[in-house]
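**Student:** Got a structure for you, questions after.
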Amino acid sequence: MVTQKMVSELYSYDPNTGHMTWKVSRGNAAVGYRAGTKNKQKGYRHLRVESKFYLEHRIIWLLIHGHLPTDCIDHINGIKDDNRLCNLREATQQQNTYNRCISVNNTSGFKGVNSRNGRYHARIQFNGKRKILGTFTTKEEAHLAYCEASIKHHKEFSRTN
């Protein structure tokens, strides 16, 4: 199992940039160079510690806080490779889901809004249940209903687009 000591011997972390750099030379990685790689499909950066790959933001959490997170680490601004300390927070899986960006399949352009038969429907999910917020004549009205519900139910994890 990876430990804070292991990580601190291999890497340095700059909380302002969110970058991990090598403290030791390994293969083609030299001291001071940025460590890890970005997964192009998923968008997260990962590092190798003791022949095992870890998500970089989880290793940063371990390095700074002394333990791996119980559940998830949420990227507050939604940018998966922005590992500045001010952009990371511990979250449950449900809270992390609340903070997702708008789906690429969304056709209305507004999170929580879809259209059918010329009308716009707003819905939200919280506490494992989907709630229909209403049907509206404009997508902007439907989005406003979603935003109000998101702020009320998702609180600090609310993302409205």
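By order in the structure tokens, chains are A, B, ...; within a chain, residues start at 1; ligands start at 1, following the order shown.
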If we count only C-alpha atoms and set the cut-off at 9 Å, which residues sit around Gln94 (chain A), ignoring sequence neighbours fewer than 5 positions away in its own chain? Please answer as a compact mmCIF listing (two decimals) with N, CA and C atoms, in the first residue's frame.
**Tutor:**
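The result, written out as selection-v1.txt:
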# COMPACT_ATOMS: atom_id res chain seq x y z
N ASN A 99 -21.41 17.71 -9.00
CA ASN A 99 -20.51 18.71 -9.56
C ASN A 99 -20.04 18.38 -10.99
N PHE A 126 -31.16 14.00 -6.70
CA PHE A 126 -30.49 14.14 -5.42
C PHE A 126 -31.00 13.06 -4.49
N ASN A 127 -30.16 12.67 -3.55
CA ASN A 127 -30.47 11.59 -2.62
C ASN A 127 -30.93 10.33 -3.35
N GLY A 128 -30.36 10.07 -4.51
CA GLY A 128 -30.66 8.86 -5.25
C GLY A 128 -32.00 8.86 -5.98
**Student:** Do a neighbour search on region 108-111 of chain A at 8 Å with only C-alpha atoms, toss out local chain neighbours closer than 6 positions, and write the hits as a PDB file with C-alpha atoms, in the first residue's frame.
**Tutor:**
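See selection00.pdb below for the written result:
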ATOM      1  CA  CYS A 101     -20.127  19.324 -16.071  1.00  0.00           C
ATOM      2  CA  ILE A 102     -22.922  19.342 -18.624  1.00  0.00           C
ATOM      3  CA  LYS A 139     -35.106  26.492 -22.049  1.00  0.00           C
ATOM      4  CA  HIS A 143     -32.722  26.135 -16.566  1.00  0.00           C
ATOM      5  CA  TYR A 146     -32.841  23.612 -12.337  1.00  0.00           C
ATOM      6  CA  THR A 160     -25.378  24.753 -13.005  1.00  0.00           C
ATOM      7  CA  ASN A 161     -23.555  24.352 -16.351  1.00  0.00           C
TER       8      ASN A 161
END
**Student:** Using only C-alpha atoms, which residues sit within 9 Å of Tyr13 (chain A) once same-chain residues fewer than 6 positions away are excluded, as a list in words?
**Tutor:**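 Once the nearby chain positions are removed, what remains is His19, Met20, Thr21, Ile60, Leu63 and Ile64 of chain A.
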**Student:** Please provide the set of residues having any atom within 10 Å of Asn16 (chain A), restricted to only C-alpha atoms, with same-chain residues fewer than 5 positions apart removed, written as a PDB file with N, CA and C atoms, in the first residue's frame.
**Tutor:**
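The result, stored in result.pdb:
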ATOM      1  N   ASN A  83      -4.900  20.111 -10.508  1.00  0.00           N
ATOM      2  CA  ASN A  83      -4.672  19.538  -9.185  1.00  0.00           C
ATOM      3  C   ASN A  83      -4.077  20.528  -8.190  1.00  0.00           C
ATOM      4  N   ARG A  84      -4.410  21.812  -8.374  1.00  0.00           N
ATOM      5  CA  ARG A  84      -4.023  22.800  -7.361  1.00  0.00           C
ATOM      6  C   ARG A  84      -4.783  22.467  -6.077  1.00  0.00           C
ATOM      7  N   LEU A  85      -4.145  22.641  -4.943  1.00  0.00           N
ATOM      8  CA  LEU A  85      -4.760  22.284  -3.674  1.00  0.00           C
ATOM      9  C   LEU A  85      -6.085  23.015  -3.451  1.00  0.00           C
ATOM     10  N   CYS A  86      -6.176  24.269  -3.886  1.00  0.00           N
ATOM     11  CA  CYS A  86      -7.410  25.047  -3.713  1.00  0.00           C
ATOM     12  C   CYS A  86      -8.556  24.510  -4.570  1.00  0.00           C
ATOM     13  N   ASN A  87      -8.272  23.617  -5.515  1.00  0.00           N
ATOM     14  CA  ASN A  87      -9.298  23.061  -6.398  1.00  0.00           C
ATOM     15  C   ASN A  87      -9.728  21.655  -5.994  1.00  0.00           C
TER      16      ASN A  87
END
**Student:** Just the strand (DSSP E) stuff from region 23-126 of chain A, please, per backbone DSSP, written as a count of residues only.
**Tutor:** 31
**Student:** Can you pull out every residue from chain A that DSSP, working from the backbone, puts in helix (DSSP H, G or I), and format the result as a ChimeraX atom specification?
**Tutor:** /A:4-10,56-65,85-87,93-98,139-157
**Student:** Please provide as a list in words all residues within 10 Å of Trp61 (chain A), with the sequence filter that same-chain residues fewer than 2 positions apart are discarded (counting only C-alpha atoms).
**Tutor:** Gln4, Glu56, His57, Arg58, Ile59, Leu63, Ile64, His65, Gly66, His67, Leu68, Pro69, Ile73, Asn83, Leu85, Leu88, Arg89 and Glu90 of chain A
**Student:** For Ile151 (chain A), list every protein, DNA or RNA residue within 12 Å, evaluated using only C-alpha atoms, and leave out those in the same chain fewer than 6 positions away; present the list as a PyMOL selection string.
**Tutor:** chain A and resi 98-99+124+126+144-145+157-160
**Student:** Could you save the residues just selected, with N, CA and C atoms, as a CSV table (one decimal), in the first residue's frame?
**Tutor:**
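Once everything was written out, this is out09.csv:
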chain,number,residue,atom,x,y,z
A,98,TYR,N,-22.9,15.5,-8.4
A,98,TYR,CA,-23.6,16.8,-8.4
A,98,TYR,C,-22.7,17.8,-9.2
A,99,ASN,N,-21.4,17.7,-9.0
A,99,ASN,CA,-20.5,18.7,-9.6
A,99,ASN,C,-20.0,18.4,-11.0
A,124,ILE,N,-33.9,17.2,-11.8
A,124,ILE,CA,-32.7,17.1,-11.0
A,124,ILE,C,-32.7,15.8,-10.3
A,126,PHE,N,-31.2,14.0,-6.7
A,126,PHE,CA,-30.5,14.1,-5.4
A,126,PHE,C,-31.0,13.1,-4.5
A,144,LEU,N,-33.5,28.0,-15.2
A,144,LEU,CA,-33.6,28.7,-13.9
A,144,LEU,C,-34.2,27.8,-12.8
A,145,ALA,N,-35.2,27.0,-13.1
A,145,ALA,CA,-35.8,26.1,-12.2
A,145,ALA,C,-34.7,25.0,-11.7
A,157,PHE,N,-21.8,21.8,-3.7
A,157,PHE,CA,-21.4,21.0,-4.9
A,157,PHE,C,-22.3,21.3,-6.1
A,158,SER,N,-23.1,22.3,-6.0
A,158,SER,CA,-23.9,22.7,-7.1
A,158,SER,C,-23.1,23.2,-8.3
A,159,ARG,N,-23.4,22.6,-9.5
A,159,ARG,CA,-22.8,23.1,-10.8
A,159,ARG,C,-24.0,23.3,-11.7
A,160,THR,N,-24.2,24.5,-12.2
A,160,THR,CA,-25.4,24.8,-13.0
A,160,THR,C,-25.1,24.7,-14.5
